[in-house]
Amino acid sequence: MATIVLVHGLWSDGSSWAQVITELRAMGHEPVAAQLSLETMDDDVASVRRTLATVPGPVLLVGWSYGGAVVGEAALGVESVKALAYIAAFAPAEGESVSGLSRKYPGSLIPEHVVVAGDHTYIARTHFGDVIAGDALAETVAIASATQRMVRIGLDRVKVGPPAWLSLPSHYLVATQDHAVPAMLQREMAERMGAAITELDSSHAPMLSQPREVAEFLDSACAEMLQGITNEGAP
């Protein structure tokens with residue numbers, strides 16, 4: 001059995017994966033969620049690598065939203081990571097940033113509802129659902145909004161180096177009703193990665209609104225990863 005390591009996005013923490021973890025455990029997986037500082041990219045990459053060092057391989061490393069940029073850096077040189085999975089996630093190429101990609105197409109509600117608090121930001125609590133998870137249950141949205149993490153200004157402007165998706169198999173779950181990362185951008189990033197693409201009629205946070213479907217996507221990605229490893233070892 002492979003290990004699934006989950007990496008959250010901006011304005012969230014590892015608990016955003018709670019329902020998906022429950023679903024994956026029911027399928028026989030023992031997933032682990034990394035916790036990001038959301039202060040610097042280097043800190044976030046280091047946090048994921050610390051988590052990777054605690055789990056057995058092979059590993060499917062999963063990024064949601066900003067977490068996609070993090071996993072592309074964190075997987076580099078980590079032998080246990082055999083495949084990547086992106087959920088409505090940014091997948092910057094070398095020299096690109098999350099911020100730069102986010103401005104490529106219209107449709108994101110983040111600029112309209114992001115609030116600056118000193119040198120950090122958060123999403124206006126009354127509009128958190130509009131931006132992140134409009135199709136989730138009201139109580140789920142309320143909890144996610146109330147527990148959201150503040151993000152250091154400038155974190156999304158960091159330009160990445162050569163990402164791990166250049167050399168690792170990738171899977172991408174496109175959220176077609178996303179009001180944070182436009183679906184057009186998601187498809188473009190997934191296609192240039194050569195990722196196996198699945199589409200889901202979901203907001204930016206399908207792990208909150210459709211955890212079973214997200215778990216099935218990840219379970220399938222694991223199966224493909226393990227099959228690929230078996231094929232590589234075949235005479």
# chains A, B, ... in the order shown; residues from 1 in each chain; ligands from 1
call {"tool": "residues_around", "arguments": {"residues": "A:Ser145", "least_positions_apart": "6", "cutoff": "8 Å", "atoms": "only C-alpha atoms", "output": "ChimeraX atom specification"}}
result
/A:123,125,128-129
call {"tool": "select_by_dssp", "arguments": {"residues": "stretch 14-220 of chain A", "states": "strand (DSSP E)", "output": "MDAnalysis selection string"}}
result
chainID A and resid 32:34 59:64 81:87 114:117 120:123 151:152 170:175 196:200
call {"tool": "residues_around", "arguments": {"residues": "stretch 182-192 of chain A", "least_positions_apart": "6", "cutoff": "10 Å", "atoms": "only C-alpha atoms", "output": "PyMOL selection string"}}
result
chain A and resi 65+86-93+101-109+166+170-176+198-199+203-204
call {"tool": "residues_around", "arguments": {"residues": "stretch 217-229 of chain A", "least_positions_apart": "6", "cutoff": "7 Å", "atoms": "only C-alpha atoms", "output": "PyMOL selection string"}}
result
chain A and resi 2+60+82-83+171
call {"tool": "residues_around", "arguments": {"residues": "stretch 17-20 of chain A", "least_positions_apart": "3", "cutoff": "6 Å", "atoms": "only C-alpha atoms", "output": "list in words"}}
result
Gly14, Glu23, Pro211 and Ala215 of chain A
call {"tool": "residues_around", "arguments": {"residues": "A:Asp42", "least_positions_apart": "5", "cutoff": "12 Å", "atoms": "only C-alpha atoms", "output": "list in words"}}
result
Leu36, Ser37, Ser47, Val48, Arg49, Ala69, Val70, Val71, Glu73, Ala74, Leu155, Asp156, Val158, Lys159, Val160 and Gly161 of chain A
call {"tool": "write_last_selection", "arguments": {"atoms": "N, CA and C atoms", "output": "PDB file, in the first residue's frame"}}
result
ATOM      1  N   LEU A  36       1.575  23.495   6.952  1.00  0.00           N
ATOM      2  CA  LEU A  36       2.416  24.564   6.423  1.00  0.00           C
ATOM      3  C   LEU A  36       2.372  25.784   7.338  1.00  0.00           C
ATOM      4  N   SER A  37       3.466  26.531   7.347  1.00  0.00           N
ATOM      5  CA  SER A  37       3.515  27.763   8.147  1.00  0.00           C
ATOM      6  C   SER A  37       2.796  28.907   7.456  1.00  0.00           C
ATOM      7  N   SER A  47       8.712  21.873   5.675  1.00  0.00           N
ATOM      8  CA  SER A  47       7.707  21.173   6.467  1.00  0.00           C
ATOM      9  C   SER A  47       7.229  19.910   5.767  1.00  0.00           C
ATOM     10  N   VAL A  48       6.977  20.010   4.469  1.00  0.00           N
ATOM     11  CA  VAL A  48       6.537  18.837   3.713  1.00  0.00           C
ATOM     12  C   VAL A  48       7.634  17.774   3.697  1.00  0.00           C
ATOM     13  N   ARG A  49       8.864  18.195   3.534  1.00  0.00           N
ATOM     14  CA  ARG A  49       9.963  17.221   3.516  1.00  0.00           C
ATOM     15  C   ARG A  49      10.127  16.542   4.875  1.00  0.00           C
ATOM     16  N   ALA A  69       2.155  24.279  -5.683  1.00  0.00           N
ATOM     17  CA  ALA A  69       3.475  24.878  -5.873  1.00  0.00           C
ATOM     18  C   ALA A  69       4.469  24.299  -4.880  1.00  0.00           C
ATOM     19  N   VAL A  70       4.001  24.033  -3.669  1.00  0.00           N
ATOM     20  CA  VAL A  70       4.871  23.497  -2.626  1.00  0.00           C
ATOM     21  C   VAL A  70       5.316  22.081  -2.954  1.00  0.00           C
ATOM     22  N   VAL A  71       4.382  21.218  -3.378  1.00  0.00           N
ATOM     23  CA  VAL A  71       4.767  19.831  -3.648  1.00  0.00           C
ATOM     24  C   VAL A  71       5.716  19.735  -4.832  1.00  0.00           C
ATOM     25  N   GLU A  73       8.117  21.614  -5.429  1.00  0.00           N
ATOM     26  CA  GLU A  73       9.452  21.871  -4.894  1.00  0.00           C
ATOM     27  C   GLU A  73       9.860  20.782  -3.908  1.00  0.00           C
ATOM     28  N   ALA A  74       8.926  20.392  -3.046  1.00  0.00           N
ATOM     29  CA  ALA A  74       9.258  19.481  -1.954  1.00  0.00           C
ATOM     30  C   ALA A  74       9.631  18.086  -2.422  1.00  0.00           C
ATOM     31  N   LEU A 155       3.965  35.675  -0.044  1.00  0.00           N
ATOM     32  CA  LEU A 155       4.230  34.236  -0.145  1.00  0.00           C
ATOM     33  C   LEU A 155       3.923  33.714  -1.536  1.00  0.00           C
ATOM     34  N   ASP A 156       2.848  34.210  -2.138  1.00  0.00           N
ATOM     35  CA  ASP A 156       2.433  33.713  -3.454  1.00  0.00           C
ATOM     36  C   ASP A 156       3.239  34.305  -4.598  1.00  0.00           C
ATOM     37  N   VAL A 158       6.604  34.113  -4.788  1.00  0.00           N
ATOM     38  CA  VAL A 158       7.880  33.410  -4.902  1.00  0.00           C
ATOM     39  C   VAL A 158       7.925  32.613  -6.201  1.00  0.00           C
ATOM     40  N   LYS A 159       8.997  32.804  -6.961  1.00  0.00           N
ATOM     41  CA  LYS A 159       9.169  32.065  -8.212  1.00  0.00           C
ATOM     42  C   LYS A 159       9.863  30.745  -7.935  1.00  0.00           C
ATOM     43  N   VAL A 160       9.339  29.684  -8.528  1.00  0.00           N
ATOM     44  CA  VAL A 160       9.860  28.347  -8.241  1.00  0.00           C
ATOM     45  C   VAL A 160      10.961  27.963  -9.215  1.00  0.00           C
ATOM     46  N   GLY A 161      11.707  26.925  -8.819  1.00  0.00           N
ATOM     47  CA  GLY A 161      12.713  26.345  -9.697  1.00  0.00           C
ATOM     48  C   GLY A 161      12.092  25.257 -10.553  1.00  0.00           C
TER      49      GLY A 161
END
call {"tool": "atom_distance", "arguments": {"atom1": "atom CA of A:Ser97", "atom2": "atom CA of A:Ile132"}}
result
20.1 Å
call {"tool": "closest_residue", "arguments": {"among": "A:Thr51, A:Ala144, A:His120, A:Thr126", "to": "A:Val7", "atoms": "only C-alpha atoms"}}
result
A:Thr51
call {"tool": "atom_distance", "arguments": {"atom1": "atom CA of A:Val181", "atom2": "atom CA of A:Glu139"}}
result
23.0 Å
call {"tool": "closest_residue", "arguments": {"among": "A:Leu38, A:Met1, A:Asp135, A:Gly67", "to": "A:Val98", "atoms": "only C-alpha atoms"}}
result
A:Gly67
call {"tool": "closest_residue", "arguments": {"among": "A:Gly134, A:Pro162, A:Gly194, A:Pro56", "to": "A:Glu96", "atoms": "only C-alpha atoms"}}
result
A:Pro162
call {"tool": "select_by_dssp", "arguments": {"residues": "stretch 42-191 of chain A", "states": "alpha helix (DSSP H)", "output": "PyMOL selection string"}}
result
chain A and resi 42-52+67-74+98-102+110-113+128-131+138-146+183-191
call {"tool": "residues_around", "arguments": {"residues": "A:Arg152", "least_positions_apart": "4", "cutoff": "12 Å", "atoms": "only C-alpha atoms", "output": "VMD selection string"}}
result
chain A and resid 10 to 11 36 to 41 43 to 44 115 to 122 156 to 158
